[in-house]
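Reproduced below: protein-v6.tsv, with TSV, C-alpha atoms.
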```
chain	number	residue	atom	x	y	z
V	9	MET	CA	67.25	-96.98	-24.97
V	10	LEU	CA	67.04	-93.40	-26.18
V	11	ALA	CA	67.62	-90.72	-23.61
V	12	ALA	CA	65.72	-87.48	-23.42
V	13	PRO	CA	67.52	-84.29	-24.44
V	14	THR	CA	69.48	-82.61	-21.68
V	15	THR	CA	68.61	-79.05	-22.67
V	16	SER	CA	65.60	-76.99	-23.70
V	17	VAL	CA	64.83	-73.34	-24.37
V	18	GLY	CA	66.32	-71.44	-21.46
V	19	ALA	CA	67.33	-74.63	-19.61
V	20	VAL	CA	70.72	-75.70	-18.35
V	21	SER	CA	72.18	-79.10	-19.10
V	22	THR	CA	71.03	-81.81	-16.69
V	23	GLN	CA	71.33	-85.55	-16.44
V	24	ALA	CA	68.41	-86.67	-18.61
V	25	LEU	CA	65.82	-89.25	-17.69
V	26	PRO	CA	64.94	-92.03	-20.14
V	27	ALA	CA	62.83	-90.42	-22.86
V	28	PHE	CA	59.64	-92.29	-21.96
V	29	LEU	CA	59.87	-91.08	-18.34
V	30	ASP	CA	60.78	-87.46	-19.06
V	31	GLY	CA	57.62	-85.32	-19.00
V	32	GLN	CA	59.41	-82.36	-20.55
V	33	HIS	CA	60.68	-84.44	-23.47
V	34	LEU	CA	57.27	-86.06	-24.02
V	35	VAL	CA	55.47	-82.71	-24.12
V	36	GLU	CA	58.04	-81.33	-26.55
V	37	SER	CA	57.79	-84.43	-28.75
V	38	PHE	CA	54.04	-85.07	-28.81
V	39	GLY	CA	52.52	-81.72	-27.90
V	40	ILE	CA	49.48	-81.16	-25.75
V	41	ALA	CA	47.29	-83.60	-27.73
V	42	GLY	CA	49.82	-86.37	-27.10
V	43	LEU	CA	50.03	-85.37	-23.45
V	44	LEU	CA	46.26	-85.76	-23.02
V	45	LEU	CA	46.35	-89.24	-24.57
V	46	ILE	CA	49.17	-90.29	-22.25
V	47	ILE	CA	47.35	-88.99	-19.15
V	48	PHE	CA	44.24	-90.90	-20.21
V	49	ALA	CA	46.28	-94.09	-20.71
V	50	GLU	CA	47.98	-93.80	-17.31
V	51	THR	CA	44.74	-93.29	-15.39
V	52	GLY	CA	42.47	-95.54	-17.46
V	53	LEU	CA	44.49	-98.36	-19.00
V	54	LEU	CA	46.46	-100.82	-16.89
V	55	LEU	CA	49.40	-100.84	-19.28
V	56	GLY	CA	49.92	-97.13	-18.64
V	57	PHE	CA	51.11	-97.56	-15.05
V	58	PHE	CA	54.75	-96.75	-15.94
V	59	LEU	CA	53.94	-93.36	-17.50
V	60	PRO	CA	55.11	-90.18	-15.71
V	61	GLY	CA	51.79	-88.43	-15.07
V	62	ASP	CA	52.99	-85.90	-12.47
V	63	SER	CA	55.98	-84.68	-14.46
V	64	LEU	CA	53.85	-84.60	-17.62
V	65	LEU	CA	51.28	-82.31	-16.02
V	66	PHE	CA	54.00	-80.14	-14.54
V	67	ALA	CA	55.75	-79.87	-17.92
V	68	ALA	CA	52.45	-79.08	-19.66
V	69	GLY	CA	51.91	-76.17	-17.30
V	70	TYR	CA	55.45	-75.00	-17.89
V	71	ALA	CA	54.94	-75.22	-21.66
V	72	ALA	CA	52.10	-72.70	-21.34
V	73	THR	CA	54.60	-70.10	-20.11
V	74	GLY	CA	56.25	-70.17	-23.55
V	75	LYS	CA	59.65	-70.99	-22.02
V	76	LEU	CA	59.77	-74.68	-22.93
V	77	THR	CA	59.76	-74.20	-26.69
V	78	ASP	CA	58.66	-71.39	-28.99
V	79	LYS	CA	56.61	-73.88	-31.03
V	80	LEU	CA	54.42	-74.87	-28.08
V	81	TYR	CA	52.75	-71.96	-26.30
V	82	PRO	CA	49.17	-73.04	-25.42
V	83	ASN	CA	46.62	-71.26	-23.26
V	84	ILE	CA	47.02	-72.39	-19.65
V	85	GLY	CA	43.27	-72.37	-19.02
V	86	LEU	CA	42.59	-74.74	-21.91
V	87	VAL	CA	45.53	-76.97	-20.95
V	88	ALA	CA	44.35	-77.26	-17.33
V	89	LEU	CA	40.75	-77.99	-18.38
V	90	GLY	CA	41.95	-80.60	-20.87
V	91	CYS	CA	44.12	-82.32	-18.25
V	92	ILE	CA	41.23	-82.36	-15.77
V	93	ALA	CA	38.86	-83.82	-18.37
V	94	VAL	CA	41.13	-86.68	-19.47
V	95	ALA	CA	42.13	-87.44	-15.86
V	96	ILE	CA	38.45	-87.88	-14.97
V	97	LEU	CA	37.56	-89.82	-18.14
V	98	GLY	CA	40.60	-92.07	-17.78
V	99	ALA	CA	39.83	-92.99	-14.17
V	100	GLN	CA	36.19	-93.59	-15.05
V	101	THR	CA	37.32	-95.95	-17.81
V	102	GLY	CA	39.53	-97.83	-15.35
V	103	PHE	CA	36.59	-98.14	-12.95
V	104	LEU	CA	34.39	-99.60	-15.73
V	105	ILE	CA	37.11	-102.07	-16.67
V	106	GLY	CA	37.17	-103.30	-13.08
V	107	ARG	CA	33.36	-103.49	-13.03
V	108	ARG	CA	33.18	-105.62	-16.16
V	109	VAL	CA	36.21	-107.85	-15.82
V	110	GLY	CA	35.81	-108.42	-12.07
V	111	PRO	CA	38.23	-109.66	-9.40
V	112	GLN	CA	39.90	-112.13	-11.77
V	113	LEU	CA	41.68	-109.12	-13.27
V	114	PHE	CA	43.86	-108.98	-10.15
V	115	ALA	CA	44.23	-112.72	-9.61
V	116	ARG	CA	46.73	-113.13	-12.46
V	117	GLU	CA	50.31	-114.24	-11.85
V	118	ASP	CA	53.27	-111.86	-12.00
V	119	SER	CA	54.52	-111.17	-15.50
V	120	ARG	CA	57.11	-108.89	-17.06
V	121	LEU	CA	54.72	-105.93	-16.91
V	122	PHE	CA	52.24	-106.86	-14.19
V	123	LYS	CA	53.35	-107.34	-10.58
V	124	ARG	CA	51.03	-108.35	-7.77
V	125	HIS	CA	52.53	-105.76	-5.41
V	126	TYR	CA	51.17	-102.99	-7.66
V	127	VAL	CA	47.68	-104.07	-6.66
V	128	THR	CA	48.74	-104.55	-3.04
V	129	LYS	CA	49.82	-100.91	-2.85
V	130	ALA	CA	46.42	-99.78	-4.11
V	131	GLU	CA	44.64	-102.07	-1.65
V	132	GLU	CA	46.67	-100.63	1.26
V	133	VAL	CA	45.69	-97.08	0.34
V	134	VAL	CA	41.99	-98.01	0.14
V	135	GLU	CA	42.12	-99.94	3.42
V	136	HIS	CA	43.87	-97.14	5.28
V	137	TYR	CA	41.96	-94.11	4.00
V	138	GLY	CA	38.62	-95.50	2.87
V	139	ALA	CA	37.48	-95.53	-0.74
V	140	GLY	CA	36.62	-91.83	-1.09
V	141	ARG	CA	39.82	-90.35	0.28
V	142	ALA	CA	41.88	-93.08	-1.36
V	143	ILE	CA	40.52	-92.25	-4.82
V	144	VAL	CA	41.60	-88.64	-4.36
V	145	LEU	CA	44.97	-89.28	-2.69
V	146	ALA	CA	45.92	-92.06	-5.11
V	147	ARG	CA	46.05	-89.48	-7.88
V	148	PHE	CA	49.35	-88.34	-6.43
V	149	ILE	CA	50.90	-91.81	-6.10
V	150	PRO	CA	52.52	-93.29	-9.23
V	151	ILE	CA	51.28	-96.80	-10.13
V	152	VAL	CA	48.58	-96.67	-7.44
V	153	ARG	CA	46.61	-94.09	-9.44
V	154	THR	CA	46.48	-96.60	-12.31
V	155	PHE	CA	45.38	-99.67	-10.35
V	156	ILE	CA	43.04	-98.17	-7.78
V	157	ASN	CA	40.30	-97.35	-10.31
V	158	PRO	CA	39.73	-100.91	-11.60
V	159	LEU	CA	40.34	-102.21	-8.07
V	160	VAL	CA	37.40	-100.29	-6.56
V	161	GLY	CA	35.41	-100.98	-9.73
V	162	ALA	CA	35.76	-104.70	-9.08
V	163	GLY	CA	34.44	-104.17	-5.55
V	164	ALA	CA	31.10	-103.00	-4.25
V	165	LEU	CA	31.65	-99.23	-4.41
V	166	PRO	CA	28.63	-97.53	-6.03
V	167	ALA	CA	29.39	-95.89	-9.38
V	168	ARG	CA	27.90	-92.60	-8.19
V	169	THR	CA	30.26	-92.49	-5.20
V	170	PHE	CA	33.27	-93.25	-7.37
V	171	THR	CA	32.30	-90.59	-9.89
V	172	LEU	CA	32.01	-87.93	-7.18
V	173	TRP	CA	35.47	-88.61	-5.74
V	174	ASN	CA	36.91	-89.14	-9.21
V	175	VAL	CA	35.88	-85.61	-10.19
V	176	VAL	CA	37.38	-84.18	-6.99
V	177	GLY	CA	40.66	-86.03	-7.56
V	178	GLY	CA	40.75	-85.17	-11.25
V	179	VAL	CA	40.40	-81.46	-10.54
V	180	LEU	CA	43.01	-81.42	-7.75
V	181	TRP	CA	45.55	-83.51	-9.66
V	182	GLY	CA	44.91	-82.67	-13.30
V	183	GLY	CA	44.36	-78.98	-12.68
V	184	GLY	CA	46.52	-78.48	-9.59
V	185	VAL	CA	49.79	-79.98	-10.83
V	186	THR	CA	49.38	-78.31	-14.24
V	187	LEU	CA	48.85	-74.87	-12.68
V	188	LEU	CA	51.77	-75.54	-10.33
V	189	GLY	CA	54.00	-76.10	-13.35
V	190	TYR	CA	52.72	-72.88	-14.94
V	191	TYR	CA	53.22	-70.58	-11.97
V	192	LEU	CA	56.41	-72.10	-10.60
V	193	GLY	CA	57.81	-72.33	-14.12
V	194	GLN	CA	57.91	-68.56	-14.23
V	195	VAL	CA	60.50	-68.60	-11.44
V	196	SER	CA	63.88	-68.42	-13.15
V	197	TRP	CA	65.71	-71.12	-11.15
V	198	ILE	CA	62.85	-73.60	-11.47
V	199	GLY	CA	62.53	-73.02	-15.20
V	200	LYS	CA	66.22	-73.77	-15.67
V	201	ASN	CA	66.01	-76.95	-13.60
V	202	LEU	CA	62.55	-78.17	-14.61
V	203	GLU	CA	63.44	-81.86	-14.81
V	204	ILE	CA	64.91	-81.88	-11.30
V	205	PHE	CA	62.02	-79.93	-9.82
V	206	ALA	CA	59.44	-82.24	-11.44
V	207	VAL	CA	61.06	-85.18	-9.65
V	208	ILE	CA	60.95	-83.23	-6.37
V	209	VAL	CA	57.22	-82.57	-6.86
V	210	VAL	CA	56.58	-86.31	-7.27
V	211	LEU	CA	58.60	-87.20	-4.17
V	212	ILE	CA	56.84	-84.58	-2.04
V	213	SER	CA	53.42	-85.82	-3.14
V	214	VAL	CA	54.23	-89.43	-2.30
V	215	MET	CA	56.13	-88.94	0.95
V	216	PRO	CA	53.28	-88.19	3.43
V	217	ILE	CA	51.17	-91.11	2.25
V	218	ALA	CA	54.14	-93.49	2.29
V	219	VAL	CA	54.86	-92.47	5.89
V	220	GLU	CA	51.24	-93.10	6.90
V	221	ILE	CA	51.21	-96.55	5.32
V	222	ARG	CA	54.46	-97.43	7.09
V	223	LYS	CA	52.99	-96.34	10.42
V	224	GLN	CA	49.93	-98.49	9.78
V	225	ARG	CA	52.10	-101.53	9.07
V	226	ARG	CA	53.98	-101.01	12.35
V	227	ARG	CA	50.73	-100.82	14.29
V	228	SER	CA	49.54	-104.07	12.70
V	229	ALA	CA	52.82	-105.88	13.40
```
Mind turning the file's structure into structure tokens?
Amino acid sequence: MLAAPTTSVGAVSTQALPAFLDGQHLVESFGIAGLLLIIFAETGLLLGFFLPGDSLLFAAGYAATGKLTDKLYPNIGLVALGCIAVAILGAQTGFLIGRRVGPQLFAREDSRLFKRHYVTKAEEVVEHYGAGRAIVLARFIPIVRTFINPLVGAGALPARTFTLWNVVGGVLWGGGVTLLGYYLGQVSWIGKNLEIFAVIVVLISVMPIAVEIRKQRRRSA
């Protein structure tokens, strides 16, 4: 498997992630248009669950500083708006898939790509927080943000309710993480260790929710 480059403009050498998981490498390779397609796939298409949405958004914001590569220096406002738009459209697509295909979508057996526990994680978030909060919070949880949209679509949640919370989540995640990458990327140490910091951002976003779910399991035991 190809590995992502270990250096970039102004960056120090780091242990690279696999290319398909490295947001920085993906943004450099496919540009902002490719980034938007990947974000849409992760939030709207079930096969996109393995894609690195958080690090992609963070890297896209960093690219807008002009420090990632001289060939990619987009306007941060347009990048953030584009990320918000595809995050919302992708989730809405996932919701419609769940609406049309129904519960049988999640009754399938484990396969090389699909694992039942992916759906279980999404169900736990919905059960613990309620549909509205879960739709927003799931944006910041890898895998869950892919499966929660068709999951609630297959249920009885009204489309209008989903759309409202989808927009809220899309703005906070698509715009928030992108702007975080832009502003923090202007800090010298972060810019030189972008890959490491992107992983830290993901871990911080997941940690509080993981703790809450663990507490809930202990109460139920």
Which residue of V:Gly189, V:Gly184, V:Gly42, V:Gly106 approaches Ala164 in chain V most closely, using all atoms listed in the file: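 That would be V:Gly106, the residue with the smallest distance to Ala164 in chain V.
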Long-range neighbours of range 48-52 of chain V as a PyMOL selection string, 9 Å cut-off, all atoms listed in the file, 6 positions minimum in chain: chain V and resi 58-61+91+94-103+105+147+151+153-155+157-158
Separation of CA of Gly183 in chain V from CA of Gly74 in chain V, in Å and rounded to one decimal: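 Between these atoms lies a distance of 18.4 Å.
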Point-to-point distance in Å for CA of Ser63 in chain V and CA of Leu159 in chain V: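 So the answer is 24.3 Å.
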Length of the CA of Gly39 in chain V to CA of Leu104 in chain V vector [Å]: 28.2 Å
Residue with smallest distance to Val185 in chain V - pool V:Asp62, V:Arg141, V:Tyr70, V:Leu172, counting all atoms listed in the file: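 Smallest distance to Val185 in chain V is found for V:Asp62.
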Top pick for closest residue to Gly138 in chain V, considering V:Phe38, V:Trp197, V:Tyr191, V:Trp173 and counting all atoms listed in the file: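 Result for the nearest residue to Gly138 in chain V: V:Trp173.
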Pick from V:Ile40, V:Val109, V:Val134, V:Leu34 nearest to Ile84 in chain V, counting all atoms listed in the file: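 Under the stated criterion, the closest residue is V:Ile40.
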Selected residue of minimal separation from Val87 in chain V among V:Ser37, V:Thr169, V:Thr128, V:Thr73, counting only C-alpha atoms: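 Looking only at the distances to Val87 in chain V, the closest residue turns out to be V:Thr73.
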What would range 70-104 of chain V look like with N, CA and C atoms in place, written as a PDB file, in the coordinates of the input?
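Produced file selection_9.pdb, reproduced below:
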```pdb
ATOM      1  N   TYR V  70      54.274 -75.797 -17.554  1.00  0.00           N
ATOM      2  CA  TYR V  70      55.450 -75.000 -17.890  1.00  0.00           C
ATOM      3  C   TYR V  70      55.445 -74.607 -19.363  1.00  0.00           C
ATOM      4  N   ALA V  71      54.986 -75.517 -20.225  1.00  0.00           N
ATOM      5  CA  ALA V  71      54.940 -75.220 -21.660  1.00  0.00           C
ATOM      6  C   ALA V  71      54.066 -74.011 -21.947  1.00  0.00           C
ATOM      7  N   ALA V  72      53.021 -73.821 -21.138  1.00  0.00           N
ATOM      8  CA  ALA V  72      52.100 -72.700 -21.340  1.00  0.00           C
ATOM      9  C   ALA V  72      52.723 -71.355 -20.999  1.00  0.00           C
ATOM     10  N   THR V  73      53.899 -71.363 -20.364  1.00  0.00           N
ATOM     11  CA  THR V  73      54.600 -70.100 -20.110  1.00  0.00           C
ATOM     12  C   THR V  73      55.332 -69.620 -21.348  1.00  0.00           C
ATOM     13  N   GLY V  74      55.512 -70.509 -22.337  1.00  0.00           N
ATOM     14  CA  GLY V  74      56.250 -70.170 -23.550  1.00  0.00           C
ATOM     15  C   GLY V  74      57.744 -70.348 -23.412  1.00  0.00           C
ATOM     16  N   LYS V  75      58.213 -70.857 -22.256  1.00  0.00           N
ATOM     17  CA  LYS V  75      59.650 -70.990 -22.020  1.00  0.00           C
ATOM     18  C   LYS V  75      60.193 -72.369 -22.401  1.00  0.00           C
ATOM     19  N   LEU V  76      59.309 -73.324 -22.596  1.00  0.00           N
ATOM     20  CA  LEU V  76      59.770 -74.680 -22.930  1.00  0.00           C
ATOM     21  C   LEU V  76      60.237 -74.747 -24.369  1.00  0.00           C
ATOM     22  N   THR V  77      59.412 -74.270 -25.283  1.00  0.00           N
ATOM     23  CA  THR V  77      59.760 -74.200 -26.690  1.00  0.00           C
ATOM     24  C   THR V  77      58.869 -73.167 -27.361  1.00  0.00           C
ATOM     25  N   ASP V  78      59.420 -72.438 -28.296  1.00  0.00           N
ATOM     26  CA  ASP V  78      58.660 -71.390 -28.990  1.00  0.00           C
ATOM     27  C   ASP V  78      57.520 -71.979 -29.825  1.00  0.00           C
ATOM     28  N   LYS V  79      57.625 -73.252 -30.177  1.00  0.00           N
ATOM     29  CA  LYS V  79      56.610 -73.880 -31.030  1.00  0.00           C
ATOM     30  C   LYS V  79      55.396 -74.362 -30.231  1.00  0.00           C
ATOM     31  N   LEU V  80      55.505 -74.357 -28.909  1.00  0.00           N
ATOM     32  CA  LEU V  80      54.420 -74.870 -28.080  1.00  0.00           C
ATOM     33  C   LEU V  80      54.118 -73.830 -26.991  1.00  0.00           C
ATOM     34  N   TYR V  81      53.072 -73.049 -27.229  1.00  0.00           N
ATOM     35  CA  TYR V  81      52.750 -71.960 -26.300  1.00  0.00           C
ATOM     36  C   TYR V  81      51.228 -71.904 -26.143  1.00  0.00           C
ATOM     37  N   PRO V  82      50.624 -72.951 -25.528  1.00  0.00           N
ATOM     38  CA  PRO V  82      49.170 -73.040 -25.420  1.00  0.00           C
ATOM     39  C   PRO V  82      48.611 -72.171 -24.307  1.00  0.00           C
ATOM     40  N   ASN V  83      47.311 -72.010 -24.306  1.00  0.00           N
ATOM     41  CA  ASN V  83      46.620 -71.260 -23.260  1.00  0.00           C
ATOM     42  C   ASN V  83      46.528 -72.121 -22.003  1.00  0.00           C
ATOM     43  N   ILE V  84      46.966 -71.597 -20.876  1.00  0.00           N
ATOM     44  CA  ILE V  84      47.020 -72.390 -19.650  1.00  0.00           C
ATOM     45  C   ILE V  84      45.632 -72.830 -19.196  1.00  0.00           C
ATOM     46  N   GLY V  85      44.635 -72.003 -19.407  1.00  0.00           N
ATOM     47  CA  GLY V  85      43.270 -72.370 -19.020  1.00  0.00           C
ATOM     48  C   GLY V  85      42.785 -73.593 -19.774  1.00  0.00           C
ATOM     49  N   LEU V  86      43.021 -73.604 -21.086  1.00  0.00           N
ATOM     50  CA  LEU V  86      42.590 -74.740 -21.910  1.00  0.00           C
ATOM     51  C   LEU V  86      43.397 -75.999 -21.568  1.00  0.00           C
ATOM     52  N   VAL V  87      44.684 -75.817 -21.314  1.00  0.00           N
ATOM     53  CA  VAL V  87      45.530 -76.970 -20.950  1.00  0.00           C
ATOM     54  C   VAL V  87      45.046 -77.594 -19.650  1.00  0.00           C
ATOM     55  N   ALA V  88      44.794 -76.751 -18.636  1.00  0.00           N
ATOM     56  CA  ALA V  88      44.350 -77.260 -17.330  1.00  0.00           C
ATOM     57  C   ALA V  88      43.004 -77.960 -17.453  1.00  0.00           C
ATOM     58  N   LEU V  89      42.071 -77.364 -18.197  1.00  0.00           N
ATOM     59  CA  LEU V  89      40.750 -77.990 -18.380  1.00  0.00           C
ATOM     60  C   LEU V  89      40.879 -79.318 -19.130  1.00  0.00           C
ATOM     61  N   GLY V  90      41.742 -79.363 -20.133  1.00  0.00           N
ATOM     62  CA  GLY V  90      41.950 -80.600 -20.870  1.00  0.00           C
ATOM     63  C   GLY V  90      42.529 -81.699 -20.002  1.00  0.00           C
ATOM     64  N   CYS V  91      43.497 -81.338 -19.150  1.00  0.00           N
ATOM     65  CA  CYS V  91      44.120 -82.320 -18.250  1.00  0.00           C
ATOM     66  C   CYS V  91      43.108 -82.840 -17.233  1.00  0.00           C
ATOM     67  N   ILE V  92      42.274 -81.947 -16.721  1.00  0.00           N
ATOM     68  CA  ILE V  92      41.230 -82.360 -15.770  1.00  0.00           C
ATOM     69  C   ILE V  92      40.267 -83.332 -16.442  1.00  0.00           C
ATOM     70  N   ALA V  93      39.846 -82.992 -17.668  1.00  0.00           N
ATOM     71  CA  ALA V  93      38.860 -83.820 -18.370  1.00  0.00           C
ATOM     72  C   ALA V  93      39.384 -85.223 -18.638  1.00  0.00           C
ATOM     73  N   VAL V  94      40.615 -85.341 -19.155  1.00  0.00           N
ATOM     74  CA  VAL V  94      41.130 -86.680 -19.470  1.00  0.00           C
ATOM     75  C   VAL V  94      41.471 -87.455 -18.203  1.00  0.00           C
ATOM     76  N   ALA V  95      41.859 -86.752 -17.133  1.00  0.00           N
ATOM     77  CA  ALA V  95      42.130 -87.440 -15.860  1.00  0.00           C
ATOM     78  C   ALA V  95      40.850 -88.070 -15.324  1.00  0.00           C
ATOM     79  N   ILE V  96      39.738 -87.353 -15.437  1.00  0.00           N
ATOM     80  CA  ILE V  96      38.450 -87.880 -14.970  1.00  0.00           C
ATOM     81  C   ILE V  96      37.967 -89.008 -15.877  1.00  0.00           C
ATOM     82  N   LEU V  97      38.027 -88.801 -17.195  1.00  0.00           N
ATOM     83  CA  LEU V  97      37.560 -89.820 -18.140  1.00  0.00           C
ATOM     84  C   LEU V  97      38.419 -91.090 -18.057  1.00  0.00           C
ATOM     85  N   GLY V  98      39.724 -90.903 -17.881  1.00  0.00           N
ATOM     86  CA  GLY V  98      40.600 -92.070 -17.780  1.00  0.00           C
ATOM     87  C   GLY V  98      40.291 -92.907 -16.554  1.00  0.00           C
ATOM     88  N   ALA V  99      40.147 -92.254 -15.402  1.00  0.00           N
ATOM     89  CA  ALA V  99      39.830 -92.990 -14.170  1.00  0.00           C
ATOM     90  C   ALA V  99      38.474 -93.671 -14.269  1.00  0.00           C
ATOM     91  N   GLN V 100      37.512 -92.997 -14.897  1.00  0.00           N
ATOM     92  CA  GLN V 100      36.190 -93.590 -15.050  1.00  0.00           C
ATOM     93  C   GLN V 100      36.262 -94.834 -15.937  1.00  0.00           C
ATOM     94  N   THR V 101      37.115 -94.785 -16.949  1.00  0.00           N
ATOM     95  CA  THR V 101      37.320 -95.950 -17.810  1.00  0.00           C
ATOM     96  C   THR V 101      37.929 -97.100 -17.021  1.00  0.00           C
ATOM     97  N   GLY V 102      38.924 -96.799 -16.185  1.00  0.00           N
ATOM     98  CA  GLY V 102      39.530 -97.830 -15.350  1.00  0.00           C
ATOM     99  C   GLY V 102      38.516 -98.468 -14.405  1.00  0.00           C
ATOM    100  N   PHE V 103      37.644 -97.646 -13.839  1.00  0.00           N
ATOM    101  CA  PHE V 103      36.590 -98.140 -12.950  1.00  0.00           C
ATOM    102  C   PHE V 103      35.662 -99.102 -13.702  1.00  0.00           C
ATOM    103  N   LEU V 104      35.273 -98.754 -14.921  1.00  0.00           N
ATOM    104  CA  LEU V 104      34.390 -99.600 -15.730  1.00  0.00           C
ATOM    105  C   LEU V 104      35.072-100.904 -16.120  1.00  0.00           C
TER     106      LEU V 104
END
```
